[in-house]
$ cat target.tsv   # TSV, C-alpha atoms
chain	number	residue	atom	x	y	z
Q	25	MET	CA	40.22	-24.23	-32.12
Q	26	THR	CA	43.28	-24.16	-29.97
Q	27	SER	CA	46.76	-24.99	-31.15
Q	28	GLY	CA	49.68	-24.53	-28.78
Q	29	SER	CA	49.58	-20.98	-27.50
Q	30	ALA	CA	47.47	-19.77	-30.43
Q	31	VAL	CA	43.72	-19.40	-30.03
Q	32	SER	CA	41.27	-18.68	-32.83
Q	33	ILE	CA	39.03	-15.79	-32.06
Q	34	ASP	CA	36.31	-14.09	-34.02
Q	35	GLU	CA	37.17	-11.09	-36.12
Q	36	GLY	CA	36.81	-7.93	-34.12
Q	37	ALA	CA	37.20	-9.66	-30.81
Q	38	ARG	CA	40.42	-9.33	-28.88
Q	39	ALA	CA	42.16	-11.06	-26.03
Q	40	SER	CA	40.96	-9.89	-22.67
Q	41	LEU	CA	42.63	-9.69	-19.29
Q	42	ALA	CA	39.24	-9.65	-17.57
Q	43	GLY	CA	38.81	-12.32	-14.92
Q	44	PRO	CA	35.64	-13.52	-13.22
Q	45	SER	CA	36.07	-10.83	-10.54
Q	46	ASP	CA	35.86	-8.13	-13.22
Q	47	TYR	CA	32.57	-9.55	-14.46
Q	48	LEU	CA	31.41	-9.65	-10.85
Q	49	ALA	CA	32.28	-5.94	-10.53
Q	50	LEU	CA	30.07	-5.31	-13.56
Q	51	LEU	CA	27.12	-6.48	-11.45
Q	52	LYS	CA	27.56	-3.65	-8.90
Q	53	PRO	CA	27.64	-6.04	-5.92
Q	54	ARG	CA	27.16	-3.32	-3.29
Q	55	VAL	CA	23.92	-2.11	-4.88
Q	56	MET	CA	22.92	-5.75	-5.28
Q	57	SER	CA	23.35	-6.42	-1.55
Q	58	LEU	CA	20.86	-3.69	-0.55
Q	59	VAL	CA	18.37	-4.88	-3.17
Q	60	VAL	CA	18.62	-8.50	-2.03
Q	61	PHE	CA	18.34	-7.51	1.61
Q	62	THR	CA	15.13	-5.51	1.11
Q	63	ALA	CA	13.62	-8.38	-0.90
Q	64	LEU	CA	14.60	-10.88	1.84
Q	65	ALA	CA	13.13	-8.74	4.62
Q	66	ALA	CA	9.87	-8.32	2.69
Q	67	MET	CA	9.79	-12.07	2.08
Q	68	ILE	CA	10.10	-12.73	5.82
Q	69	ALA	CA	7.52	-10.06	6.70
Q	70	ALA	CA	4.93	-11.17	4.16
Q	71	PRO	CA	1.97	-13.21	5.46
Q	72	GLY	CA	2.19	-16.90	4.63
Q	73	SER	CA	5.18	-19.08	3.95
Q	74	VAL	CA	7.24	-20.33	1.07
Q	75	HIS	CA	9.53	-23.34	0.66
Q	76	PRO	CA	13.06	-22.29	1.73
Q	77	VAL	CA	14.55	-23.49	-1.56
Q	78	ILE	CA	12.07	-21.41	-3.54
Q	79	ALA	CA	12.83	-18.40	-1.30
Q	80	VAL	CA	16.58	-18.77	-1.92
Q	81	ILE	CA	16.05	-19.11	-5.67
Q	82	SER	CA	13.81	-16.04	-5.70
Q	83	LEU	CA	16.53	-14.04	-3.92
Q	84	LEU	CA	19.11	-15.40	-6.34
Q	85	CYS	CA	16.96	-14.26	-9.27
Q	86	VAL	CA	16.54	-10.81	-7.71
Q	87	ALA	CA	20.32	-10.61	-7.19
Q	88	VAL	CA	21.13	-11.71	-10.73
Q	89	GLY	CA	18.43	-9.47	-12.20
Q	90	ALA	CA	19.80	-6.49	-10.25
Q	91	GLY	CA	23.30	-7.40	-11.39
Q	92	ALA	CA	22.15	-7.66	-14.99
Q	93	SER	CA	20.62	-4.19	-14.70
Q	94	GLY	CA	23.96	-2.92	-13.39
Q	95	ALA	CA	25.86	-4.50	-16.29
Q	96	LEU	CA	23.43	-3.11	-18.87
Q	97	ASN	CA	23.64	0.30	-17.20
Q	98	GLN	CA	27.44	0.24	-17.48
Q	99	TRP	CA	27.17	-0.87	-21.11
Q	100	PHE	CA	25.01	2.14	-21.96
Q	101	ASP	CA	26.77	4.65	-19.69
Q	102	ALA	CA	30.36	3.75	-20.56
Q	103	ASP	CA	30.96	7.27	-21.93
Q	104	ILE	CA	29.73	8.88	-18.69
Q	105	ASP	CA	31.61	6.42	-16.48
Q	106	ALA	CA	34.87	7.18	-18.29
Q	107	VAL	CA	34.86	10.85	-17.25
Q	108	MET	CA	33.62	10.50	-13.68
Q	109	THR	CA	36.24	9.98	-10.97
Q	110	ARG	CA	33.96	7.66	-9.02
Q	111	THR	CA	33.34	5.34	-11.97
Q	112	ARG	CA	36.33	5.53	-14.31
Q	113	THR	CA	37.99	2.45	-12.79
Q	114	ARG	CA	34.97	0.28	-13.64
Q	115	PRO	CA	35.70	-2.67	-15.96
Q	116	ILE	CA	34.49	-1.02	-19.21
Q	117	PRO	CA	36.18	2.41	-18.91
Q	118	SER	CA	39.37	0.74	-17.71
Q	119	GLY	CA	39.38	-1.39	-20.87
Q	120	LEU	CA	39.10	-4.79	-19.17
Q	121	ILE	CA	35.69	-5.63	-20.61
Q	122	SER	CA	34.36	-4.45	-23.98
Q	123	ARG	CA	30.94	-2.78	-24.23
Q	124	GLN	CA	29.77	-5.61	-26.47
Q	125	ALA	CA	30.79	-8.22	-23.89
Q	126	ALA	CA	29.02	-6.26	-21.13
Q	127	LEU	CA	25.85	-6.05	-23.22
Q	128	GLU	CA	25.88	-9.79	-23.94
Q	129	PHE	CA	26.67	-10.62	-20.31
Q	130	GLY	CA	23.93	-8.34	-18.94
Q	131	ALA	CA	21.28	-9.44	-21.45
Q	132	THR	CA	22.01	-13.12	-20.80
Q	133	LEU	CA	21.79	-12.70	-17.05
Q	134	ALA	CA	18.58	-10.65	-17.35
Q	135	PHE	CA	16.97	-13.37	-19.46
Q	136	PHE	CA	18.03	-16.21	-17.15
Q	137	SER	CA	16.97	-14.37	-13.98
Q	138	VAL	CA	13.44	-13.74	-15.29
Q	139	PHE	CA	13.17	-17.18	-16.89
Q	140	THR	CA	14.28	-18.96	-13.70
Q	141	MET	CA	11.97	-16.81	-11.57
Q	142	PHE	CA	9.10	-17.73	-13.89
Q	143	PHE	CA	9.52	-21.50	-13.87
Q	144	ALA	CA	10.80	-21.89	-10.29
Q	145	VAL	CA	8.92	-19.24	-8.31
Q	146	GLY	CA	5.91	-17.91	-10.22
Q	147	HIS	CA	4.68	-15.62	-12.92
Q	148	VAL	CA	3.87	-12.67	-10.64
Q	149	PRO	CA	7.41	-12.22	-9.21
Q	150	ALA	CA	8.82	-12.97	-12.68
Q	151	MET	CA	6.77	-10.18	-14.26
Q	152	LEU	CA	7.73	-7.78	-11.48
Q	153	LEU	CA	11.42	-8.66	-11.95
Q	154	ALA	CA	11.16	-8.17	-15.72
Q	155	ALA	CA	9.45	-4.81	-15.15
Q	156	THR	CA	12.19	-3.78	-12.72
Q	157	ILE	CA	15.00	-4.58	-15.16
Q	158	ALA	CA	13.16	-2.96	-18.09
Q	159	PHE	CA	12.36	0.17	-16.08
Q	160	TYR	CA	15.95	0.56	-14.91
Q	161	LEU	CA	17.39	0.08	-18.39
Q	162	PHE	CA	14.91	1.79	-20.69
Q	163	ILE	CA	13.26	4.42	-18.49
Q	164	TYR	CA	16.08	5.39	-16.13
Q	165	THR	CA	19.36	4.62	-17.92
Q	166	MET	CA	18.42	5.34	-21.52
Q	167	TRP	CA	15.90	8.12	-21.05
Q	168	LEU	CA	15.72	9.94	-17.73
Q	169	LYS	CA	19.34	9.94	-16.55
Q	170	ARG	CA	20.58	12.22	-19.32
Q	171	SER	CA	17.43	14.29	-19.84
Q	172	THR	CA	15.90	15.52	-16.56
Q	173	VAL	CA	16.81	16.58	-13.04
Q	174	GLN	CA	14.04	14.25	-11.91
Q	175	ASN	CA	16.11	11.30	-13.20
Q	176	ILE	CA	16.73	9.57	-9.88
Q	177	VAL	CA	13.29	10.48	-8.49
Q	178	ILE	CA	11.40	8.54	-11.16
Q	179	GLY	CA	14.22	6.06	-11.74
Q	180	GLY	CA	14.10	5.20	-8.05
Q	181	ALA	CA	11.03	3.10	-8.80
Q	182	ALA	CA	13.31	0.34	-10.12
Q	183	GLY	CA	15.25	0.13	-6.86
Q	184	ALA	CA	12.00	0.22	-4.89
Q	185	LEU	CA	10.41	-2.84	-6.53
Q	186	PRO	CA	12.51	-5.68	-4.98
Q	187	PRO	CA	10.51	-5.76	-1.70
Q	188	VAL	CA	7.33	-6.11	-3.77
Q	189	ILE	CA	8.99	-9.03	-5.60
Q	190	GLY	CA	9.96	-10.60	-2.27
Q	191	TRP	CA	6.45	-10.14	-0.93
Q	192	ALA	CA	4.89	-11.59	-4.10
Q	193	THR	CA	7.19	-14.61	-3.85
Q	194	VAL	CA	5.33	-15.55	-0.66
Q	195	THR	CA	1.81	-14.34	-1.39
Q	196	GLY	CA	1.63	-14.53	-5.20
Q	197	ASN	CA	-0.10	-11.15	-4.97
Q	198	ALA	CA	1.34	-8.12	-6.76
Q	199	PHE	CA	-1.12	-5.62	-5.31
Q	200	ASP	CA	-0.85	-5.95	-1.52
Q	201	PRO	CA	-0.89	-2.40	-0.04
Q	202	ALA	CA	1.61	-3.36	2.69
Q	203	ALA	CA	4.11	-4.43	0.02
Q	204	TRP	CA	3.58	-1.20	-1.89
Q	205	SER	CA	4.12	0.80	1.31
Q	206	LEU	CA	7.67	-0.63	1.26
Q	207	PHE	CA	7.94	0.41	-2.38
Q	208	LEU	CA	6.86	3.94	-1.41
Q	209	LEU	CA	9.40	4.05	1.42
Q	210	ILE	CA	12.34	3.23	-0.88
Q	211	PHE	CA	10.94	5.41	-3.67
Q	212	LEU	CA	10.91	8.45	-1.34
Q	213	TRP	CA	14.22	7.47	0.28
Q	214	THR	CA	16.07	7.44	-3.05
Q	215	PRO	CA	16.14	11.25	-3.72
Q	216	PRO	CA	17.73	12.30	-0.40
Q	217	HIS	CA	20.07	9.31	-0.59
Q	218	PHE	CA	21.33	10.07	-4.11
Q	219	TRP	CA	21.26	13.84	-3.90
Q	220	ALA	CA	23.40	13.71	-0.75
Q	221	LEU	CA	25.99	11.76	-2.76
Q	222	ALA	CA	25.55	14.08	-5.75
Q	223	LEU	CA	26.09	17.15	-3.53
Q	224	ALA	CA	29.39	15.68	-2.39
Q	225	GLY	CA	30.50	14.96	-5.94
Q	226	SER	CA	28.59	17.36	-8.18
Q	227	ASP	CA	31.76	18.28	-10.12
Q	228	ASP	CA	31.85	14.71	-11.36
Q	229	TYR	CA	28.29	14.87	-12.70
Q	230	ALA	CA	28.86	18.32	-14.24
Q	231	ARG	CA	31.93	17.03	-16.10
Q	232	ALA	CA	29.92	14.08	-17.41
Q	233	GLY	CA	26.97	16.27	-18.45
Q	234	VAL	CA	24.51	14.39	-16.25
Q	235	PRO	CA	21.70	16.77	-15.16
Q	236	MET	CA	21.81	15.90	-11.47
Q	237	LEU	CA	19.89	18.34	-9.29
Q	238	PRO	CA	22.95	19.99	-7.66
Q	239	VAL	CA	24.48	20.59	-11.11
Q	240	VAL	CA	21.35	22.14	-12.65
Q	241	LYS	CA	19.60	23.84	-9.71
Q	242	GLY	CA	22.51	24.37	-7.33
Q	243	SER	CA	23.22	23.45	-3.75
Q	244	ARG	CA	20.49	25.53	-2.06
Q	245	SER	CA	17.66	24.03	-4.10
Q	246	THR	CA	19.08	20.53	-3.65
Q	247	ARG	CA	19.27	20.90	0.13
Q	248	ASN	CA	15.68	22.22	0.19
Q	249	GLN	CA	14.49	19.22	-1.77
Q	250	ILE	CA	16.48	16.76	0.35
Q	251	LEU	CA	14.78	18.13	3.47
Q	252	GLY	CA	11.35	18.10	1.79
Q	253	TYR	CA	11.68	14.52	0.57
Q	254	THR	CA	13.02	13.46	3.97
Q	255	LEU	CA	9.91	14.80	5.69
Q	256	VAL	CA	7.55	13.07	3.24
Q	257	MET	CA	9.63	9.86	3.40
Q	258	SER	CA	9.41	9.90	7.21
Q	259	LEU	CA	5.61	10.06	7.02
Q	260	ALA	CA	5.62	7.19	4.53
Q	261	ALA	CA	7.93	5.21	6.85
Q	262	VAL	CA	5.67	5.39	9.90
Q	263	ALA	CA	2.36	5.21	8.00
Q	264	PRO	CA	2.30	1.37	7.67
Q	265	TRP	CA	2.66	1.12	11.46
Q	266	ALA	CA	-0.10	3.70	12.02
Q	267	LEU	CA	-2.31	1.77	9.60
Q	268	GLY	CA	-1.70	-1.46	11.50
Q	269	TRP	CA	0.11	-3.22	8.65
Q	270	PHE	CA	3.38	-3.54	10.57
Q	271	GLY	CA	3.99	-3.83	14.31
Q	272	PRO	CA	5.71	-1.91	17.11
Q	273	VAL	CA	9.30	-3.05	16.43
Q	274	TYR	CA	9.11	-1.66	12.92
Q	275	GLY	CA	7.11	1.36	14.09
Q	276	MET	CA	9.58	2.43	16.79
Q	277	THR	CA	12.56	1.88	14.49
Q	278	ALA	CA	10.88	3.88	11.73
Q	279	ALA	CA	9.95	6.73	14.09
Q	280	MET	CA	13.36	7.04	15.72
Q	281	GLY	CA	15.28	6.40	12.53
Q	282	SER	CA	13.25	9.01	10.68
Q	283	LEU	CA	13.80	11.61	13.40
Q	284	ALA	CA	17.56	11.13	13.07
Q	285	PHE	CA	17.24	11.29	9.26
Q	286	ILE	CA	15.33	14.59	9.55
Q	287	ALA	CA	17.93	15.96	11.98
Q	288	LEU	CA	20.78	15.14	9.58
Q	289	ALA	CA	18.85	16.57	6.62
Q	290	ALA	CA	18.21	19.75	8.65
Q	291	LEU	CA	21.92	20.02	9.51
Q	292	LEU	CA	22.74	19.71	5.82
Q	293	TRP	CA	20.05	22.26	5.00
Q	294	ARG	CA	21.72	24.88	7.22
Q	295	ALA	CA	25.33	23.79	6.59
Q	296	SER	CA	27.94	26.36	5.62
Q	297	PRO	CA	29.65	25.95	2.23
Q	298	GLU	CA	32.73	24.63	4.05
Q	299	SER	CA	30.86	21.93	5.97
Q	300	GLU	CA	28.35	21.04	3.26
Q	301	ARG	CA	30.32	18.16	1.72
Q	302	GLY	CA	30.97	16.53	5.10
Q	303	GLN	CA	27.30	16.83	6.09
Q	304	ALA	CA	26.18	15.45	2.73
Q	305	LEU	CA	28.44	12.40	3.07
Q	306	ARG	CA	27.21	11.90	6.64
Q	307	LEU	CA	23.59	11.94	5.45
Q	308	PHE	CA	24.45	9.56	2.59
Q	309	ALA	CA	26.07	7.06	4.96
Q	310	TYR	CA	23.20	7.33	7.43
Q	311	SER	CA	20.59	6.82	4.69
Q	312	ILE	CA	22.06	3.36	3.96
Q	313	PHE	CA	22.03	2.46	7.64
Q	314	TYR	CA	18.44	3.76	7.92
Q	315	LEU	CA	17.13	1.50	5.19
Q	316	PHE	CA	18.96	-1.53	6.58
Q	317	ALA	CA	17.61	-0.75	10.07
Q	318	LEU	CA	13.98	-0.45	8.97
Q	319	PHE	CA	14.00	-3.63	6.92
Q	320	THR	CA	15.86	-5.50	9.66
Q	321	ALA	CA	13.18	-4.38	12.14
Q	322	LEU	CA	10.49	-5.55	9.74
Q	323	ALA	CA	12.04	-9.02	9.47
Q	324	VAL	CA	12.89	-9.36	13.18
Q	325	GLU	CA	9.38	-8.31	14.15
Q	326	ARG	CA	7.93	-11.13	12.07
Q	327	LEU	CA	10.47	-13.68	13.33
Q	328	VAL	CA	9.70	-12.93	17.00
Q	329	GLY	CA	5.95	-13.03	16.39
Q	330	LEU	CA	5.16	-9.33	16.93
Q	331	SER	CA	3.96	-8.69	13.42
Q	332	PRO	CA	0.22	-7.99	12.85
Q	333	THR	CA	0.39	-10.29	9.82
Q	334	GLY	CA	0.94	-13.19	12.24
Q	335	VAL	CA	3.34	-16.11	12.05
G	2	MET	CA	39.27	-16.65	-38.06
G	3	ALA	CA	42.88	-15.71	-37.58
G	4	PRO	CA	44.83	-17.46	-34.84
G	5	MET	CA	46.12	-15.10	-32.18
G	6	ASP	CA	48.99	-15.58	-29.79
G	7	LEU	CA	48.01	-15.09	-26.19
G	8	THR	CA	50.36	-13.99	-23.47
G	9	PRO	CA	50.59	-16.27	-20.41
G	10	GLU	CA	48.49	-13.75	-18.46
G	11	GLU	CA	45.80	-13.71	-21.15
G	12	LYS	CA	45.78	-17.52	-21.21
G	13	ARG	CA	45.41	-17.60	-17.44
G	14	LYS	CA	42.48	-15.18	-17.50
G	15	LEU	CA	40.84	-17.08	-20.36
G	16	SER	CA	41.15	-20.28	-18.34
G	17	GLN	CA	39.61	-18.57	-15.29
G	18	ARG	CA	36.67	-17.34	-17.38
G	19	ASN	CA	36.13	-20.81	-18.83
G	20	TRP	CA	36.11	-22.43	-15.39
G	21	ALA	CA	33.73	-19.76	-14.09
G	22	MET	CA	31.38	-20.39	-17.03
G	23	ALA	CA	31.53	-24.15	-16.46
G	24	GLY	CA	30.78	-23.62	-12.77
G	25	LEU	CA	27.78	-21.44	-13.57
G	26	LEU	CA	26.39	-23.98	-16.03
G	27	VAL	CA	26.75	-26.82	-13.52
G	28	ALA	CA	25.14	-24.64	-10.83
G	29	PHE	CA	22.21	-23.93	-13.15
G	30	VAL	CA	21.72	-27.64	-13.85
G	31	VAL	CA	21.76	-28.36	-10.10
G	32	LEU	CA	19.28	-25.51	-9.55
G	33	VAL	CA	16.84	-26.90	-12.13
G	34	PHE	CA	17.18	-30.36	-10.57
G	35	VAL	CA	16.51	-29.08	-7.03
G	36	VAL	CA	13.54	-26.97	-8.17
G	37	THR	CA	12.09	-30.02	-9.91
G	38	LEU	CA	12.42	-32.07	-6.73
G	39	VAL	CA	10.78	-29.35	-4.65
G	40	GLN	CA	7.91	-28.89	-7.11
G	41	ILE	CA	7.33	-32.62	-7.51
G	42	GLY	CA	7.61	-33.12	-3.74
G	43	GLY	CA	5.02	-30.45	-3.09
G	44	ASN	CA	2.61	-31.90	-5.60
G	45	ILE	CA	2.98	-35.42	-4.17
G	46	ALA	CA	2.32	-34.09	-0.67
G	47	GLN	CA	-0.85	-32.32	-1.87
G	48	ARG	CA	-2.30	-35.13	-4.03
G	49	SER	CA	-5.65	-36.60	-3.07
G	50	MET	CA	-5.33	-40.06	-1.55

$ encode --input "target.tsv" --output "structure tokens"
Amino acid sequence: MTSGSAVSIDEGARASLAGPSDYLALLKPRVMSLVVFTALAAMIAAPGSVHPVIAVISLLCVAVGAGASGALNQWFDADIDAVMTRTRTRPIPSGLISRQAALEFGATLAFFSVFTMFFAVGHVPAMLLAATIAFYLFIYTMWLKRSTVQNIVIGGAAGALPPVIGWATVTGNAFDPAAWSLFLLIFLWTPPHFWALALAGSDDYARAGVPMLPVVKGSRSTRNQILGYTLVMSLAAVAPWALGWFGPVYGMTAAMGSLAFIALAALLWRASPESERGQALRLFAYSIFYLFALFTALAVERLVGLSPTGV
Amino acid sequence: MAPMDLTPEEKRKLSQRNWAMAGLLVAFVVLVFVVTLVQIGGNIAQRSM
């Protein structure tokens, strides 16, 4: 009911200066881009084919589902975000969007992403997408993040599922070992990736009371674990090539990329206190490039016909 | 339901949100239409003659 410049609003609600771009920020677009990219690469690499329109809709659903997870995460973690330097300018702590609005926005997007995936793409990718969102919200955000130093290790499973969704979009199969090798790669990549960032900003996590590894166990233990996970991740990265699931383009990229990853993790491991932050940020930046490189190689290999799964 | 005066900036943002919502709804309708065409098209192509 609008009359002149007066607008009727529900009791408890208030006028908001949030624009569409603020709601977009709630979706964590940078995280979304990596998620969509890994799903796309897996979709290209998977044996078989899918109608391009269905492929685009599947990616859209993955993007919206990931965004919904981000919005629901910010709804639940508004108290943490408000005290961390890195996150206090987000739409909820800055007062642009209310927690209630973020919850409604995230829940609506989560429902529509799964619903659309179900009727347009198939029940297998829809169930995987629903599991991803539920895992990220209930297991990681609500339970693990505030209660254990293993929070991002186990929570990393949510970020590792999109390639399996992409693969299942093409094959309709949720249990293909090659798809789960991509899951394992991202699952093992997540700890060194996040702990490198946490090392660089552990004061932030300590202030917020989040039990990140560097806060609870200290720098030495964190650097040991980063190196350990990097070694195991490197084995997981080259294993699909050794097993004949992926071809030489992926294999060479994985081998060389992993060697560089190990070198950077080793440099961080032996870094002095003065150079630790710089090395950690270097490893963090490289870890993003590494994942992009491996999934690009996977997709390119298939597109040029060098993949063992055939064209 | 008490009426509330909005500042020009609040009115502008409200308008932006409304247009964005309208755009999303139209996009969803188009998406359902396109998916229907693709699904029907596929089934017609695979029907026994």

$ interface_residues --input "target.tsv" --of "chain G" --to "chain Q" --cutoff "9 Å" --atoms "only C-alpha atoms" --output "MDAnalysis selection string"
chainID G and resid 2:18 21:22 32:33 35:37 39:40

$ atom_distance --input "target.tsv" --atom1 "CA of Thr320 in chain Q" --atom2 "CA of Trp213 in chain Q"
16.1 Å

$ atom_distance --input "target.tsv" --atom1 "CA of Gly252 in chain Q" --atom2 "CA of Ser205 in chain Q"
18.8 Å

$ closest_residue --input "target.tsv" --among "Q:Pro235, Q:Ala224, Q:Ser137, Q:Tyr314" --to "Ile176 in chain Q" --atoms "only C-alpha atoms"
Q:Pro235

$ atom_distance --input "target.tsv" --atom1 "CA of Gln249 in chain Q" --atom2 "CA of Glu298 in chain Q"
19.9 Å

$ residues_around --input "target.tsv" --residues "Thr172 in chain Q" --least-positions-apart "5" --cutoff "10 Å" --atoms "all atoms listed in the file" --output "count of residues only"
8

$ decode --input "target.tsv" --residues "range 65-81 of chain Q" --atoms "N, CA and C atoms" --output "CSV table (one decimal), in the first residue's frame"
chain,number,residue,atom,x,y,z
Q,65,ALA,N,34.3,-27.8,-15.3
Q,65,ALA,CA,35.4,-28.6,-15.8
Q,65,ALA,C,35.1,-30.1,-15.7
Q,66,ALA,N,34.5,-30.5,-14.5
Q,66,ALA,CA,34.1,-31.9,-14.4
Q,66,ALA,C,33.0,-32.3,-15.4
Q,67,MET,N,32.1,-31.4,-15.7
Q,67,MET,CA,31.1,-31.6,-16.7
Q,67,MET,C,31.7,-31.9,-18.0
Q,68,ILE,N,32.7,-31.1,-18.4
Q,68,ILE,CA,33.3,-31.3,-19.7
Q,68,ILE,C,34.1,-32.6,-19.7
Q,69,ALA,N,34.8,-32.9,-18.6
Q,69,ALA,CA,35.6,-34.1,-18.5
Q,69,ALA,C,34.8,-35.4,-18.4
Q,70,ALA,N,33.6,-35.3,-18.0
Q,70,ALA,CA,32.9,-36.6,-17.8
Q,70,ALA,C,32.5,-37.3,-19.1
Q,71,PRO,N,32.5,-38.6,-19.1
Q,71,PRO,CA,32.2,-39.3,-20.3
Q,71,PRO,C,30.7,-39.1,-20.7
Q,72,GLY,N,30.5,-39.0,-22.0
Q,72,GLY,CA,29.1,-38.8,-22.4
Q,72,GLY,C,28.9,-37.3,-22.8
Q,73,SER,N,27.6,-37.0,-23.0
Q,73,SER,CA,27.3,-35.6,-23.3
Q,73,SER,C,26.0,-35.2,-22.7
Q,74,VAL,N,25.8,-33.9,-22.7
Q,74,VAL,CA,24.5,-33.4,-22.1
Q,74,VAL,C,24.1,-32.2,-23.0
Q,75,HIS,N,22.8,-31.9,-23.1
Q,75,HIS,CA,22.3,-30.8,-23.9
Q,75,HIS,C,22.9,-29.5,-23.3
Q,76,PRO,N,23.4,-28.6,-24.1
Q,76,PRO,CA,24.1,-27.4,-23.6
Q,76,PRO,C,23.2,-26.6,-22.7
Q,77,VAL,N,21.9,-26.6,-23.0
Q,77,VAL,CA,20.9,-25.8,-22.1
Q,77,VAL,C,20.9,-26.4,-20.7
Q,78,ILE,N,20.8,-27.8,-20.7
Q,78,ILE,CA,20.8,-28.4,-19.4
Q,78,ILE,C,22.1,-28.2,-18.6
Q,79,ALA,N,23.2,-28.2,-19.4
Q,79,ALA,CA,24.5,-28.0,-18.7
Q,79,ALA,C,24.5,-26.6,-18.1
Q,80,VAL,N,24.0,-25.6,-18.8
Q,80,VAL,CA,24.1,-24.2,-18.3
Q,80,VAL,C,23.1,-24.1,-17.1
Q,81,ILE,N,22.0,-24.8,-17.2
Q,81,ILE,CA,21.0,-24.7,-16.0
Q,81,ILE,C,21.6,-25.4,-14.8
